[in-house]
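Trainee: Sharing a structure below in structure tokens format, with a few things to ask.
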Amino acid sequence: MSSSTSSKRKRRLTHLTFSDLTHPNFEELSRQFPHSFGVAWQGVRERQRQDGGSFASNVTDEFSRATTRALLHSFFGLSLPHIPSLCPPVPNRYFLVQWIQQTLLSTLPSSESADRRCGIDIGTGATCIYPLLFCAPHNQILESDNDDNDTTTSSSKTQWTWFASEIDPTSVAMAQKNVVANHLESKIKVIQVQPTTAQQQQQQQEQHAGPLLQLLQAATQPVSNQKVDVVLTNPPFHDPSAAQVTQPTRQGDHRPKTNLTCTEASYPGGEVAFVTDMLADAFLLRYNHEAFQSTWYACMLGKKTSFQQLHHLLDYLLGPGSIPSTQFGPGNLTRWFLAWTLQRPTIRSPLAKSTRPSFAVTLSPQDGDYNSDNNSSVPAIVAQRIATYFREQRNYSLAIATTQQSPHGVVVSVREETPTPVEWDDKKLPPAVWQVLQKDRIRFLDTRPAEGHFLLDISVDDNNSTGGGRVQVTAYSHSTWGCKAVETLTNTNKFKAEIGRTSRKWRRIQQPRQQQQQPMDES
Ligand code: SAH
């Protein structure tokens, strides 16, 4: 048996999943790495025997490092000789990697599966953990899953290139060493950037340059001409101007939550300001530097309040329902993840879809041109009413198309023809973002669908039993304004009442036509 077949067989036997990473088998790791992990693990067990307490309360930094090294080696074939200060837990870092590969990169037309991809990691730290995970020589989780059907997924085939920025010179040097230790110098470039002081941030009011622009300016090779698939960050979280900058401690063992130095962990305004400045960079680059494009921006956040604040801001700018988010981790180790794109999604992008409740319409013989003997199908008549209803809307310029889908079904598509310019409310925007949008007069965010702000697909089917139709509204919208318009136009009570009306109003619309057709009968 060839060695490749035997290693394949071995992998198939050890079918690994994400939960093997979150709940590692310490005994197995000890067997694999007796001198490094094994010794550290025995050390914790020994302390626990002597001092009592839970396993978690006896964990040491040395054990955390040994675990990170062992997991990276065992699952991803990575070695990490330098872990000086922040020891990244592998599960939450890999969670972001997986979310980007499997969720974000599969949702936009321009991010369809690709063999080559490019990423930017802002604040890569001494470990360079994210670029290393993306470029890892193997991925036991994906490969063991794939062995079942002997295929390779697009994410495991993808060849990544990464540009990683860092302000701390010691971390830059160590990140570079970690990259070399894995022979990934041709794929990962670590770039040193200068720290941002509060004073510089003030000057940026004139000429904005957030952390992404800093990277592009500091790069010796032209990153700005690349088509980038994702820009990610796990930002520094302290705000040096905040009242107290104490080192938070972990529950249990009371070790500091982070060993990062103050410069590494700080940014004026904390993680919200860091991501906000990156967002302003993204707008500036999107509308002023045609050459640079990133499909996705993603961040990992340490505080729920930061997540909520940023989510709110992104909803306002880009439209509710178009901001992917998720979270991972137990209790106080939870991390929140947010992403945004400034690319135009396809109109039916799953990100934009919102379905409104369906309702039934019953037509009675008095209703306009319906009577059960004539040839007009009920869906056709209901569709006609829907079209009339939307034509009567004065506040929107709507294009309406009716398509017969089957003998018993009709679809009415309603879309806005011309997007309306946006008046930004400066009270809702952080200064950096406001400044960029205002200065460059960005009033049309073309992140919304090409066809306009929204699309409504309204399908009408026969509802045999009652001589009526069933109306199902499906709305696609990519902006706050689009969502509001959909809300107004399909406000269930009004819309339903208008379409299903057996009232005088509907007859009034229809009557003049009938009177014209049958003048003699009236006399
Ligand atoms: N990505 C690593 C480290 C995150 S900590 C991980 O997930 O483990 C945040 C890092 O951002 C620190 O290493 C800090 O030095 C760096 N940093 C802070 N401000 C920065 C800036 N303006 N540009 C690049 N890196 C920065």
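We name chains A, B, ... following the order of the structure tokens; residues begin at 1 in each chain, and ligands are numbered from 1 as shown.
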Set the cut-off to 9 Å, count only C-alpha atoms and all ligand atoms, and list whatever residues fall near ligand 1 as an mmCIF file with N, CA, C and O atoms, in the first residue's frame.
Mentor:
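Result saved to result_12.cif:
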data_model
loop_
_atom_site.group_PDB
_atom_site.id
_atom_site.type_symbol
_atom_site.label_atom_id
_atom_site.label_comp_id
_atom_site.auth_asym_id
_atom_site.auth_seq_id
_atom_site.Cartn_x
_atom_site.Cartn_y
_atom_site.Cartn_z
ATOM 1 N N LEU A 86 0.154 37.591 22.967
ATOM 2 C CA LEU A 86 -1.205 37.086 22.825
ATOM 3 C C LEU A 86 -1.165 35.660 22.277
ATOM 4 O O LEU A 86 -0.629 35.413 21.206
ATOM 5 N N CYS A 87 -1.725 34.725 23.052
ATOM 6 C CA CYS A 87 -1.773 33.351 22.565
ATOM 7 C C CYS A 87 -3.159 33.116 21.986
ATOM 8 O O CYS A 87 -4.144 33.040 22.716
ATOM 9 N N PRO A 88 -3.285 33.066 20.684
ATOM 10 C CA PRO A 88 -4.631 32.992 20.106
ATOM 11 C C PRO A 88 -5.260 31.611 20.294
ATOM 12 O O PRO A 88 -4.645 30.611 19.949
ATOM 13 N N PRO A 89 -6.474 31.559 20.838
ATOM 14 C CA PRO A 89 -7.154 30.258 20.888
ATOM 15 C C PRO A 89 -7.522 29.840 19.468
ATOM 16 O O PRO A 89 -8.099 30.647 18.724
ATOM 17 N N ARG A 93 -10.435 31.534 16.220
ATOM 18 C CA ARG A 93 -9.774 32.056 15.019
ATOM 19 C C ARG A 93 -10.210 31.224 13.801
ATOM 20 O O ARG A 93 -10.511 31.742 12.736
ATOM 21 N N ASP A 121 -5.057 41.044 6.307
ATOM 22 C CA ASP A 121 -5.315 40.919 7.740
ATOM 23 C C ASP A 121 -4.746 42.158 8.420
ATOM 24 O O ASP A 121 -3.541 42.406 8.355
ATOM 25 N N ILE A 122 -5.607 42.949 9.044
ATOM 26 C CA ILE A 122 -5.140 44.182 9.679
ATOM 27 C C ILE A 122 -4.908 43.934 11.165
ATOM 28 O O ILE A 122 -5.846 43.567 11.876
ATOM 29 N N GLY A 123 -3.672 44.094 11.603
ATOM 30 C CA GLY A 123 -3.310 43.809 12.996
ATOM 31 C C GLY A 123 -3.139 42.309 13.168
ATOM 32 O O GLY A 123 -3.885 41.653 13.876
ATOM 33 N N THR A 124 -2.117 41.786 12.498
ATOM 34 C CA THR A 124 -1.973 40.322 12.422
ATOM 35 C C THR A 124 -1.397 39.727 13.696
ATOM 36 O O THR A 124 -1.522 38.539 13.946
ATOM 37 N N GLY A 125 -0.768 40.582 14.538
ATOM 38 C CA GLY A 125 -0.184 40.085 15.791
ATOM 39 C C GLY A 125 1.101 39.319 15.528
ATOM 40 O O GLY A 125 1.502 39.123 14.374
ATOM 41 N N ALA A 126 1.745 38.863 16.608
ATOM 42 C CA ALA A 126 3.034 38.182 16.472
ATOM 43 C C ALA A 126 2.879 36.795 15.862
ATOM 44 O O ALA A 126 3.819 36.236 15.305
ATOM 45 N N THR A 127 1.668 36.236 15.965
ATOM 46 C CA THR A 127 1.503 34.863 15.476
ATOM 47 C C THR A 127 1.146 34.808 13.995
ATOM 48 O O THR A 127 1.367 33.810 13.348
ATOM 49 N N CYS A 128 0.568 35.862 13.473
ATOM 50 C CA CYS A 128 0.117 35.892 12.066
ATOM 51 C C CYS A 128 -0.918 34.786 11.841
ATOM 52 O O CYS A 128 -1.001 34.177 10.787
ATOM 53 N N ILE A 129 -1.746 34.598 12.871
ATOM 54 C CA ILE A 129 -2.601 33.403 12.921
ATOM 55 C C ILE A 129 -3.571 33.271 11.743
ATOM 56 O O ILE A 129 -3.729 32.184 11.178
ATOM 57 N N TYR A 130 -4.216 34.386 11.358
ATOM 58 C CA TYR A 130 -5.234 34.265 10.303
ATOM 59 C C TYR A 130 -4.618 33.895 8.949
ATOM 60 O O TYR A 130 -5.048 32.922 8.329
ATOM 61 N N ALA A 164 -0.466 41.222 5.494
ATOM 62 C CA ALA A 164 -0.828 41.345 6.903
ATOM 63 C C ALA A 164 -0.111 42.552 7.495
ATOM 64 O O ALA A 164 1.103 42.674 7.363
ATOM 65 N N SER A 165 -0.867 43.456 8.133
ATOM 66 C CA SER A 165 -0.225 44.647 8.701
ATOM 67 C C SER A 165 -0.111 44.537 10.213
ATOM 68 O O SER A 165 -0.891 43.835 10.856
ATOM 69 N N GLU A 166 0.852 45.241 10.760
ATOM 70 C CA GLU A 166 1.063 45.234 12.212
ATOM 71 C C GLU A 166 1.825 46.499 12.589
ATOM 72 O O GLU A 166 2.697 46.945 11.855
ATOM 73 N N ILE A 167 1.452 47.098 13.756
ATOM 74 C CA ILE A 167 2.180 48.303 14.188
ATOM 75 C C ILE A 167 3.370 47.982 15.069
ATOM 76 O O ILE A 167 4.314 48.750 15.133
ATOM 77 N N ASP A 168 3.298 46.870 15.782
ATOM 78 C CA ASP A 168 4.332 46.589 16.774
ATOM 79 C C ASP A 168 5.543 45.919 16.114
ATOM 80 O O ASP A 168 5.428 44.814 15.572
ATOM 81 N N PRO A 169 6.743 46.567 16.162
ATOM 82 C CA PRO A 169 7.894 46.031 15.428
ATOM 83 C C PRO A 169 8.312 44.631 15.895
ATOM 84 O O PRO A 169 8.698 43.794 15.071
ATOM 85 N N SER A 171 6.333 42.346 17.106
ATOM 86 C CA SER A 171 5.358 41.403 16.551
ATOM 87 C C SER A 171 5.600 41.193 15.055
ATOM 88 O O SER A 171 5.452 40.071 14.553
ATOM 89 N N VAL A 172 5.961 42.273 14.354
ATOM 90 C CA VAL A 172 6.234 42.136 12.916
ATOM 91 C C VAL A 172 7.350 41.115 12.712
ATOM 92 O O VAL A 172 7.231 40.183 11.894
ATOM 93 N N ILE A 191 3.527 43.456 6.823
ATOM 94 C CA ILE A 191 3.850 44.861 6.545
ATOM 95 C C ILE A 191 3.817 45.679 7.833
ATOM 96 O O ILE A 191 2.815 45.654 8.567
ATOM 97 N N GLN A 192 4.896 46.377 8.097
ATOM 98 C CA GLN A 192 4.958 47.233 9.298
ATOM 99 C C GLN A 192 4.271 48.575 9.023
ATOM 100 O O GLN A 192 4.549 49.231 8.015
ATOM 101 N N VAL A 193 3.323 48.961 9.896
ATOM 102 C CA VAL A 193 2.715 50.302 9.760
ATOM 103 C C VAL A 193 2.948 51.089 11.049
ATOM 104 O O VAL A 193 3.258 50.512 12.088
ATOM 105 N N GLN A 194 2.809 52.421 10.970
ATOM 106 C CA GLN A 194 3.037 53.274 12.140
ATOM 107 C C GLN A 194 1.772 53.339 12.996
ATOM 108 O O GLN A 194 0.670 53.368 12.463
ATOM 109 N N PRO A 195 1.940 53.379 14.334
ATOM 110 C CA PRO A 195 0.751 53.480 15.203
ATOM 111 C C PRO A 195 -0.027 54.774 14.981
ATOM 112 O O PRO A 195 0.554 55.775 14.581
ATOM 113 N N THR A 196 -1.323 54.714 15.248
ATOM 114 C CA THR A 196 -2.162 55.909 15.115
ATOM 115 C C THR A 196 -2.336 56.557 16.484
ATOM 116 O O THR A 196 -2.790 55.911 17.420
ATOM 117 N N GLY A 210 -7.368 55.553 7.658
ATOM 118 C CA GLY A 210 -7.582 54.555 8.707
ATOM 119 C C GLY A 210 -6.632 53.377 8.514
ATOM 120 O O GLY A 210 -5.734 53.422 7.677
ATOM 121 N N PRO A 211 -6.820 52.310 9.302
ATOM 122 C CA PRO A 211 -5.862 51.196 9.305
ATOM 123 C C PRO A 211 -5.670 50.493 7.956
ATOM 124 O O PRO A 211 -4.577 50.000 7.683
ATOM 125 N N LEU A 212 -6.704 50.480 7.112
ATOM 126 C CA LEU A 212 -6.526 49.832 5.805
ATOM 127 C C LEU A 212 -5.695 50.719 4.875
ATOM 128 O O LEU A 212 -4.790 50.246 4.182
ATOM 129 N N GLN A 214 -3.551 52.859 5.833
ATOM 130 C CA GLN A 214 -2.177 52.817 6.344
ATOM 131 C C GLN A 214 -1.425 51.631 5.761
ATOM 132 O O GLN A 214 -0.268 51.735 5.363
ATOM 133 N N LEU A 215 -2.106 50.513 5.688
ATOM 134 C CA LEU A 215 -1.456 49.318 5.119
ATOM 135 C C LEU A 215 -1.120 49.540 3.646
ATOM 136 O O LEU A 215 -0.023 49.251 3.197
ATOM 137 N N LEU A 232 -9.831 41.424 6.747
ATOM 138 C CA LEU A 232 -10.344 41.058 8.069
ATOM 139 C C LEU A 232 -9.532 41.709 9.169
ATOM 140 O O LEU A 232 -8.388 42.107 8.956
ATOM 141 N N THR A 233 -10.136 41.817 10.335
ATOM 142 C CA THR A 233 -9.403 42.324 11.490
ATOM 143 C C THR A 233 -9.963 41.785 12.794
ATOM 144 O O THR A 233 -11.165 41.566 12.916
ATOM 145 N N ASN A 234 -9.045 41.531 13.714
ATOM 146 C CA ASN A 234 -9.401 41.327 15.106
ATOM 147 C C ASN A 234 -8.787 42.544 15.785
ATOM 148 O O ASN A 234 -7.611 42.556 16.099
ATOM 149 N N PRO A 235 -9.558 43.609 15.949
ATOM 150 C CA PRO A 235 -8.957 44.913 16.254
ATOM 151 C C PRO A 235 -8.458 45.049 17.683
ATOM 152 O O PRO A 235 -8.898 44.324 18.574
ATOM 153 N N PRO A 236 -7.546 46.022 17.915
ATOM 154 C CA PRO A 236 -7.182 46.352 19.301
ATOM 155 C C PRO A 236 -8.418 46.896 20.006
ATOM 156 O O PRO A 236 -9.233 47.578 19.386
ATOM 157 N N PHE A 237 -8.583 46.560 21.284
ATOM 158 C CA PHE A 237 -9.883 46.829 21.910
ATOM 159 C C PHE A 237 -9.893 47.939 22.950
ATOM 160 O O PHE A 237 -10.934 48.493 23.256
ATOM 161 N N LEU A 260 -1.171 41.386 25.908
ATOM 162 C CA LEU A 260 -0.757 42.399 24.935
ATOM 163 C C LEU A 260 -0.250 43.630 25.665
ATOM 164 O O LEU A 260 -0.770 43.982 26.717
ATOM 165 N N THR A 261 0.736 44.303 25.082
ATOM 166 C CA THR A 261 1.178 45.558 25.676
ATOM 167 C C THR A 261 0.112 46.606 25.404
ATOM 168 O O THR A 261 -0.748 46.411 24.537
ATOM 169 N N CYS A 262 0.204 47.740 26.130
ATOM 170 C CA CYS A 262 -0.840 48.751 25.967
ATOM 171 C C CYS A 262 -0.912 49.284 24.535
ATOM 172 O O CYS A 262 -1.994 49.507 24.003
ATOM 173 N N THR A 263 0.261 49.470 23.892
ATOM 174 C CA THR A 263 0.228 49.993 22.513
ATOM 175 C C THR A 263 -0.458 49.004 21.590
ATOM 176 O O THR A 263 -1.245 49.385 20.718
ATOM 177 N N GLU A 264 -0.151 47.730 21.781
ATOM 178 C CA GLU A 264 -0.747 46.730 20.886
ATOM 179 C C GLU A 264 -2.261 46.658 21.043
ATOM 180 O O GLU A 264 -2.991 46.484 20.078
ATOM 181 N N ALA A 265 -2.713 46.770 22.311
ATOM 182 C CA ALA A 265 -4.139 46.548 22.560
ATOM 183 C C ALA A 265 -4.961 47.810 22.410
ATOM 184 O O ALA A 265 -6.163 47.776 22.543
ATOM 185 N N SER A 266 -4.315 48.969 22.160
ATOM 186 C CA SER A 266 -5.045 50.246 22.192
ATOM 187 C C SER A 266 -5.241 50.863 20.828
ATOM 188 O O SER A 266 -4.396 50.721 19.931
ATOM 189 N N TYR A 267 -6.336 51.570 20.722
ATOM 190 C CA TYR A 267 -6.593 52.407 19.555
ATOM 191 C C TYR A 267 -7.496 53.517 20.057
ATOM 192 O O TYR A 267 -8.438 53.235 20.817
ATOM 193 N N PHE A 274 -11.761 51.604 15.610
ATOM 194 C CA PHE A 274 -10.874 50.924 14.659
ATOM 195 C C PHE A 274 -11.679 50.426 13.449
ATOM 196 O O PHE A 274 -11.330 50.672 12.297
ATOM 197 N N MET A 300 -13.770 40.667 13.998
ATOM 198 C CA MET A 300 -14.092 39.878 15.191
ATOM 199 C C MET A 300 -14.106 40.851 16.363
ATOM 200 O O MET A 300 -13.179 41.631 16.513
#
Trainee: Please list as a PyMOL selection string every residue within 9 Å of stretch 377-387 of chain A, counting only C-alpha atoms and excluding residues in the same chain fewer than 5 positions away.
Mentor: chain A and resi 361+363+369-370+372+392+400-402+404+407-414+458-463+467-471+495+498-500+506
Trainee: Check stretch 76-128 of chain A with DSSP on the backbone and list each residue it calls strand (DSSP E or B), as a ChimeraX atom specification.
Mentor: /A:116-122
Trainee: Just checking: using only C-alpha atoms, which residue out of A:Lys157, A:His138, A:Lys189, A:Lys303 ends up closest to A:Leu72?
Mentor: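 Using only C-alpha atoms, A:Leu72 sits closest to A:His138.
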Trainee: What separation in Å, quoted to one decimal, exists between atom CA of A:Asn288 and atom CA of A:Gln221?
Mentor: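 Value for the atom CA of A:Asn288-atom CA of A:Gln221 distance: 20.0 Å.
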Trainee: Taking the DSSP assignment computed from this structure's backbone, write out as a ChimeraX atom specification all residues of stretch 276-410 of chain A that belong to helix (DSSP H, G or I).
Mentor: /A:276-288,304-318,331-333,378-391
Trainee: Take atom CA of A:Pro84 and atom CA of A:Thr220 and report the distance between them in Å, one decimal.
Mentor: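 A separation of 26.5 Å between them.
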Trainee: For each of A:Thr295, A:Gln140, A:Ser30, A:Thr488, take the minimum atom-to-atom distance to A:Phe63, counting only C-alpha atoms, then give the residue where this is smallest.
Mentor: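 Nearest to A:Phe63: A:Ser30.
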